[in-house]
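Shown next, in structure tokens, is the structure this report addresses.
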Amino acid sequence: MARAVTPRRKAINTIIAWLVGLLIFFPILWIVVLSLKTEGDAIKTPLEVLTSVWTLESYAVVQDRSDYFKHFSNSVIIALGSTLLGIVVAVPAAWSMAFVPSRRTRGILMWMLSTKMLPAVGVLYPIYLLFIELGILDSRIGLVVVLMLINLPIIVWMLYTYFKEIPGEILEAARMDGANLKAELIYVLTPMAIPGIASTILLNVILAWNEAFWTLNLTAAKAAPLTAFIASYSSPEGLFYAKLSAASVMAITPILIMGWFSQKQLVRGLTFGAVK
Amino acid sequence: MRFNKLIGLAATASVMMSGVAYAESLTIATVNNGDMIRMQGLTDDFTAKTGHTVEWVTLEENVLRQRVTTDITTKGGAFDIMTIGMYETPIWGKNGWLVPLNDLSAEYNVGDILPAMSGGLSYDGTLFAAPFYGESSMIMYRTDLMEKAGLTMPDAPSWSFIAKAAREMTDRDNDINGICLRGKAGWGEGGAFITAMSNSFGARWFDENWNAQFDTREWSDTLNFFVNMMNDSGPSGFATNGFNENLSLFQQGKCGMWIDATVAASFVTNPKDSTVADKVGFALAPDNGMGVRSNWLWAWALAIPAGTQKEAAAKEFIEWATSNSYIELVASKEGWANVPPGARTSLYENANYKDIPFAKMTLDSILSADPNNSTVDPSPYVGIQFAAIPEFAGIATEVSQEFSAAYAGQQTVAEALAKAQAITNDAMEAAGYR
């Protein structure tokens with residue numbers, strides 16, 4: 001039986017939720033504020049920052065100094081490319097683990113996840129040498145492959161969880177109706193798993209968009225995405241807070257907009273099966 | 001007639017083709033600071049003169065260091081020119097990873113490079129990187145607060161005078177700290193400052209047999225003096241302050257004195273960003289009467305990784321970017337205060353530059369720094385705020401973390417020094433020095 005929620009309790013919960021939300025959002029809000037200040041004003045105390053002149057000067061400087069659209073298009077290609085390639089590889093893998101499990105399936109899933117625990121820098125040199133050998137250093141295709149491999153355990157795990165929710169009998173019925181494996185995957189399983197696949201795509205696009213270690217270390221001038229764009233405005237010697245903030249806002253805006261429009265799917269995807 | 005036309009066409013085509021083959025696209029990895037960004041904005045001048053185009057990869061100092069180190073050690077070839085410092089250049093030059101710059105043109109005038117800079121960027125007498133700009137460290141102080149305290153800053157003060165002046169200038173009610181210094185962990189942040197300071201107290205990192213020296217009285221004196229002075233007259237939370245934090249405090253009028261990189265002089269005297277721009281004086285970094293001052297020496301320099309396919313074009317760029325004509329180009333566009341300092345002797349003989357208030361003190365600071373004789377007692381390493389060995393960056397980062405913990409009051413100075421001693425000796429033993 002569900003517990004009754006009193007209006008007072010509801011109000012308190014709402015206030016707490018807003019406070020937590022604001023706390024989480026505050027760094028982003030402060031970045032936006034600093035991006036609208038001069039370098040001189042951006043280093044002042046918070047109160048002085050808020051009362052100083054508002055300006056778009058830093059955006060103009062960043063736009064003038066960097067090729068934003070080149071970095072943006074690299075980010076789009078790398079994030080979408082790695083995610084879609086990951087989905088193509090992960091759907092069959094997750095299907096086999098969900099519907100034709102062996103006694104090693106659990107172990108394989110855990111092993112896949114354990115690869116995420118390896119510090120990335122531990123394999124930097126082998127991967128860098130491999131990239132030199134293959135001639136794909138500073139290329140978008142190289143980053144698509146690396147980010148796909150890095151996010152693959154998460155993609156497989158998420159799809160596996162969604163597929164487990166689909167009754168195996170439906171696939172059996174399709175097989176009895178004459179569907180081969182390819183038809184079963186494309187016409188039966190995928191349509192039923194669309195919400196789960198969409199959530200997986202959204203989450204992995206965000207992860208790939210924000211990935212900074214590999215995108216900084218494996219690129220130079222040609223394939224550098226928005227993470228490199230942001231990194232170019234950080235400095236231990238000199239005042240770059242306003243410009244760094246402006247560059248950060250420009251880099252995160254596309255993904256924030258995408259997240260805003262797809263938040264329902266994202267939340268649903270992330271909490272799917274959580275209360276079972 | 002037809003034959004002549006054919007010859008003419010062939011000649012034109014040949015010239016065009018050779019032009020196409022000659023024009024290169026250079027990829028340059030560089031650090032994000034004002035001088036480098038200014039150079040990026042002036043690259044069109046280089047392209048107009050040579051036909052070569054340039055693609056920039058600009059990164060924060062530590063990210064850049066990691067990125068170019070990965071590339072050069074694997075012979076990745078991602079960059080045709082790298083911006084590196086005095087720490088990397090002799091080590092990489094020794095390893096054969098850099099193209100020697102021993103055939104630069106006569107017009108370039110290598111002899112004009114300040115000896116301290118060319119010395120620090122050479123290995124075994126061969127120049128491996130051309131300095132884009134050089135820096136030392138010096139005292140920047142508030143002339144109005146010094147006057148109010150009834151003191152006069154000497155051109156070459158001692159640490160005891162600085163501690164006294166810091167106490168006198170401190171005004172906690174008005175949020176004015178007598179002195180602001182780096183305490184932030186990191187070998188290039190607080191580590192650089194305390195190492196340079198320790199030299200003037202007679203301390204050194206290693207004895208001639210590469211034994212760590214943190215158990216000596218000199219190191220204890222250095223760290224205790226620093227901690228006591230900062231607790232008396234420094235800003236709260238100084239253990240986490242680096243260059244940018246202190247710059248911010250000074251520009252807001254919250255520091256009486258700041259000892260840091262000479263390049264900061266142009267920031268604190270810029271009225272656009274600094275509220276105290278017209279009240280700043282300069283002096284040499286302090287000493288302790290032992291014959292060594294506490295200033296450091298650093299240069300950001302351009303080097304060519306060995307194995308690049310575009311060596312000739314890369315050398316053309318280096319000649320352009322580190323030449324006197326580049327300095328004149330910057331002066332004509334943005335004024336003499338904004339030219340890259342500290343690299344060429346002739347800049348300091350230029351009448352226009354002599355008018356810049358911090359020019360003389362910058363040069364004096366650079367000239368008083370000697371990376372080959374940086375310590376009172378003999379040491380086996382080259383470098384002032386670092387020891388030019390590959391292991392130093394890792395060791396010094398750990399050691400500076402221990403020091404920062406002592407600044408923050410999380411451990412005593414004695415504990416920090418004991419840990420530094422153990423960390424350093426262990427690392428040197430593992431690396432085969434001991």
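In the structure tokens, chains take letters A, B, ... by order of appearance, with residues numbered from 1 within each chain and ligands from 1 in the order shown.
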- Query: Counting only C-alpha atoms, what is within 9 Å of stretch 112-125 of chain A, bar same-chain residues fewer than 3 positions away, as a ChimeraX atom specification?
  - Reply: /A:107-109,128-130,150-154,156-157,213-214,217 /B:70,74
- Query: If you run DSSP on the backbone, which residues of stretch 62-214 of chain A are alpha helix (DSSP H), as a count of residues only?
  - Reply: 117
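Atom CA of B:Ala301 lies 13.0 Å from atom CA of B:Trp320.
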- Would you kindly report the residues of chain B within 8 Å of chain A, using only C-alpha atoms, as number ranges by chain? B: 27, 29, 31-34, 41, 55-61, 67, 70, 74, 76, 78-79, 242-244, 247-248, 252, 264, 267, 272-274
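Closest approach to B:Ser294 among B:Phe201, B:Tyr87, B:Phe226, B:Tyr133: B:Phe201, based on only C-alpha atoms.
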- Residue neighbourhood B:Gly178, 10 Å, only C-alpha atoms, exclusion window fewer than 2 positions, as an NGL selection string: :B and (141-142 or 145-146 or 162-172 or 175-176 or 180 or 229-230 or 232-235 or 254-258)
Would you put the residues from that selection into a file with C-alpha atoms, as a PDB file, in the first residue's frame?
ATOM      1  CA  TYR B 141      55.815  45.489  -4.992  1.00  0.00           C
ATOM      2  CA  ARG B 142      53.332  48.242  -4.236  1.00  0.00           C
ATOM      3  CA  LEU B 145      52.265  50.579   0.537  1.00  0.00           C
ATOM      4  CA  MET B 146      56.049  50.488   0.839  1.00  0.00           C
ATOM      5  CA  ILE B 162      61.419  41.182   2.682  1.00  0.00           C
ATOM      6  CA  ALA B 163      60.042  39.474   5.808  1.00  0.00           C
ATOM      7  CA  LYS B 164      60.181  42.764   7.714  1.00  0.00           C
ATOM      8  CA  ALA B 165      58.553  44.726   4.871  1.00  0.00           C
ATOM      9  CA  ALA B 166      55.859  42.071   4.527  1.00  0.00           C
ATOM     10  CA  ARG B 167      54.992  42.391   8.216  1.00  0.00           C
ATOM     11  CA  GLU B 168      54.879  46.187   7.985  1.00  0.00           C
ATOM     12  CA  MET B 169      52.713  46.216   4.864  1.00  0.00           C
ATOM     13  CA  THR B 170      50.189  43.668   6.114  1.00  0.00           C
ATOM     14  CA  ASP B 171      46.847  45.232   6.926  1.00  0.00           C
ATOM     15  CA  ARG B 172      44.375  42.468   7.711  1.00  0.00           C
ATOM     16  CA  ASP B 175      42.491  42.680   3.300  1.00  0.00           C
ATOM     17  CA  ILE B 176      46.068  43.549   2.347  1.00  0.00           C
ATOM     18  CA  CYS B 180      51.981  36.666  -1.878  1.00  0.00           C
ATOM     19  CA  MET B 229      56.687  34.574   6.799  1.00  0.00           C
ATOM     20  CA  MET B 230      53.564  33.401   4.971  1.00  0.00           C
ATOM     21  CA  ASP B 232      52.614  36.209   9.403  1.00  0.00           C
ATOM     22  CA  SER B 233      51.991  38.170   6.226  1.00  0.00           C
ATOM     23  CA  GLY B 234      50.619  35.935   3.475  1.00  0.00           C
ATOM     24  CA  PRO B 235      47.069  35.402   2.273  1.00  0.00           C
ATOM     25  CA  LYS B 254      45.550  42.628  -2.018  1.00  0.00           C
ATOM     26  CA  CYS B 255      49.312  42.006  -2.036  1.00  0.00           C
ATOM     27  CA  GLY B 256      52.091  44.288  -0.869  1.00  0.00           C
ATOM     28  CA  MET B 257      54.748  42.204  -2.619  1.00  0.00           C
ATOM     29  CA  TRP B 258      54.739  39.346  -5.045  1.00  0.00           C
TER      30      TRP B 258
END
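The interatomic distance for the pair atom CA of B:Glu402 and atom CA of B:Leu284 works out to 28.3 Å.
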- Query: Any idea what's packed within 7 Å of B:Gly253, counting only C-alpha atoms, ignoring anything in its chain fewer than 3 positions away? Could you give it as number ranges by chain?
  - Reply: B: 249-250, 275-276
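For the pair atom CA of B:Glu88 and atom CA of B:Leu121, the separation is 8.7 Å.
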- Message: If you run DSSP on the backbone here, which positions in stretch 108-283 of chain B get strand (DSSP E or B)? Please write them as a PyMOL selection string.
- Response: chain B and resi 113+122-123+126-127+130-142+158+171+176-180+206+212+255-261+280-283
- Task: Do a neighbour search on B:Ser105 at 10 Å with only C-alpha atoms, toss out local chain neighbours closer than 2 positions, and write the hits as a PyMOL selection string.
- Result: chain B and resi 102-103+107-110+315-316+319
- Task: Name the residues in contact with B:Ala239 at a cut-off of 9 Å, using only C-alpha atoms, excluding same-chain residues fewer than 3 positions from it; report them as a PyMOL selection string.
- Result: chain B and resi 182-185+190+236+242+403-408
Could you save the residues just selected, with N, CA and C atoms, as a tab-separated table (two decimals), in the first residue's frame?
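That gives us out-v3.tsv:
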chain	number	residue	atom	x	y	z
B	182	ARG	N	53.91	31.59	-4.19
B	182	ARG	CA	53.32	30.31	-4.61
B	182	ARG	C	53.48	29.24	-3.52
B	183	GLY	N	52.38	28.56	-3.22
B	183	GLY	CA	52.45	27.43	-2.29
B	183	GLY	C	51.85	26.18	-2.90
B	184	LYS	N	51.29	26.34	-4.09
B	184	LYS	CA	50.55	25.26	-4.75
B	184	LYS	C	51.47	24.09	-5.10
B	185	ALA	N	50.96	22.87	-4.89
B	185	ALA	CA	51.75	21.68	-5.22
B	185	ALA	C	51.97	21.60	-6.72
B	190	GLY	N	54.52	25.70	-6.91
B	190	GLY	CA	55.22	25.97	-5.65
B	190	GLY	C	56.59	25.32	-5.59
B	236	SER	N	45.39	34.01	3.33
B	236	SER	CA	44.92	32.73	3.86
B	236	SER	C	44.81	31.75	2.68
B	242	GLY	N	48.82	29.53	-6.77
B	242	GLY	CA	49.86	29.46	-7.79
B	242	GLY	C	49.98	30.82	-8.46
B	403	PHE	N	55.36	19.48	0.80
B	403	PHE	CA	55.59	20.85	1.27
B	403	PHE	C	54.26	21.60	1.40
B	404	SER	N	53.40	21.44	0.40
B	404	SER	CA	52.11	22.13	0.45
B	404	SER	C	51.28	21.68	1.65
B	405	ALA	N	51.41	20.40	1.97
B	405	ALA	CA	50.69	19.88	3.15
B	405	ALA	C	51.22	20.56	4.42
B	406	ALA	N	52.53	20.84	4.45
B	406	ALA	CA	53.10	21.55	5.61
B	406	ALA	C	52.63	23.00	5.62
B	407	TYR	N	52.54	23.64	4.45
B	407	TYR	CA	52.05	25.02	4.40
B	407	TYR	C	50.61	25.10	4.93
B	408	ALA	N	49.84	24.06	4.60
B	408	ALA	CA	48.43	24.05	5.01
B	408	ALA	C	48.25	23.64	6.46
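Ranking B:Thr412, B:Thr240, B:Gln309, B:Ser379 by their shortest atom-to-atom distance to B:Ala203, with only C-alpha atoms included, puts B:Ser379 first.
The nearest approach to B:His52 among the residues B:Val292, B:Ala313, B:Met361, B:Ile139, with only C-alpha atoms taken into account, belongs to B:Ala313.
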